[in-house]
Amino acid sequence: MELADRAVGFILSSISVTIFTYYTFWVIILPFVDKDHFVHNYFLPQEYAILLPVYAGVTLICFLSVFIGYVMLKSKKKKA
Amino acid sequence: MKHIAKIMAFLMAVTAVWISLLQTKMIPQSHTWLLPLYFIVSLGCYGLLMVGVGLMQFPTCPQEAVLLQQDVIEAKQFLKHNGVDVGTD
């Protein structure tokens with residue numbers, strides 16, 4: 001039980017650290033690097049640095065509204 | 001009510017700093033435009049990190065769990081003795 005909790009917590013923190021370093025590199029460090037440096041092959045084009053978080057945010061908001069609407073509908077049906 | 005005022009004041013201060021950064025051009029303009037998005041993403045990352053760290057450090061108190069199970073068994077016996085239906089076992 002405890003080990004499963006620790007494993008999930010470790011996975012979550014490692015994912016968050018990975019995303020943070022990758023995004024920092026992408027947005028802040030990469031524009032200062034020359035165009036033909038090899039490290040540019042590891043990162044998607046810069047437009048995606050804006051598109052991906054916006055897309056993820058919109059998906060999250062959509063999912064939240066769908067969930068809230070579903071719960072509200074279910075509670076109204078139960079009362080009637 | 002005061003908490004909202006504090007949050008709005010903080011947001012106004014951050015917006016003012018961002019606009020002043022845009023005007024004085026200390027940082028290249030392309031960077032300044034991406035700064036708010038970067039801070040939102042890093043805030044989300046920070047939240048996730050705190051959740052992960054909290055999960056890893058959560059104490060489970062095994063001795064208290066054993067004592068609690070004993071209390072439950074005692075209570076069930078007492079209630080069954082007094083005629084209350086304690087459900088399926």
# chains A, B, ... in the order shown; residues from 1 in each chain; ligands from 1
>>> residues_around(residues="segment 39-53 of chain B", least_positions_apart="2", cutoff="8 Å", atoms="only C-alpha atoms", output="JSON, numbers by chain")
{"A": [8, 9, 10, 11, 12, 13, 14, 16, 17, 19, 20, 53], "B": [35, 36, 37, 55, 56, 57]}
>>> interface_residues(of="chain A", to="chain B", cutoff="12 Å", atoms="only C-alpha atoms", output="PyMOL selection string")
chain A and resi 1-32+46-47+49-54+56-57
>>> atom_distance(atom1="atom CA of Gln69 of chain B", atom2="atom CA of Val84 of chain B")
19.3 Å
>>> closest_residue(among="B:Ala5, B:Trp33, B:Val72, B:Asp85", to="Trp18 of chain B", atoms="only C-alpha atoms")
B:Trp33
>>> select_by_dssp(residues="segment 15-66 of chain B", states="alpha helix (DSSP H)", output="PyMOL selection string")
chain B and resi 15-24+29-56+62-66
>>> atom_distance(atom1="atom CA of Val17 of chain B", atom2="atom CA of Gln29 of chain B")
14.0 Å
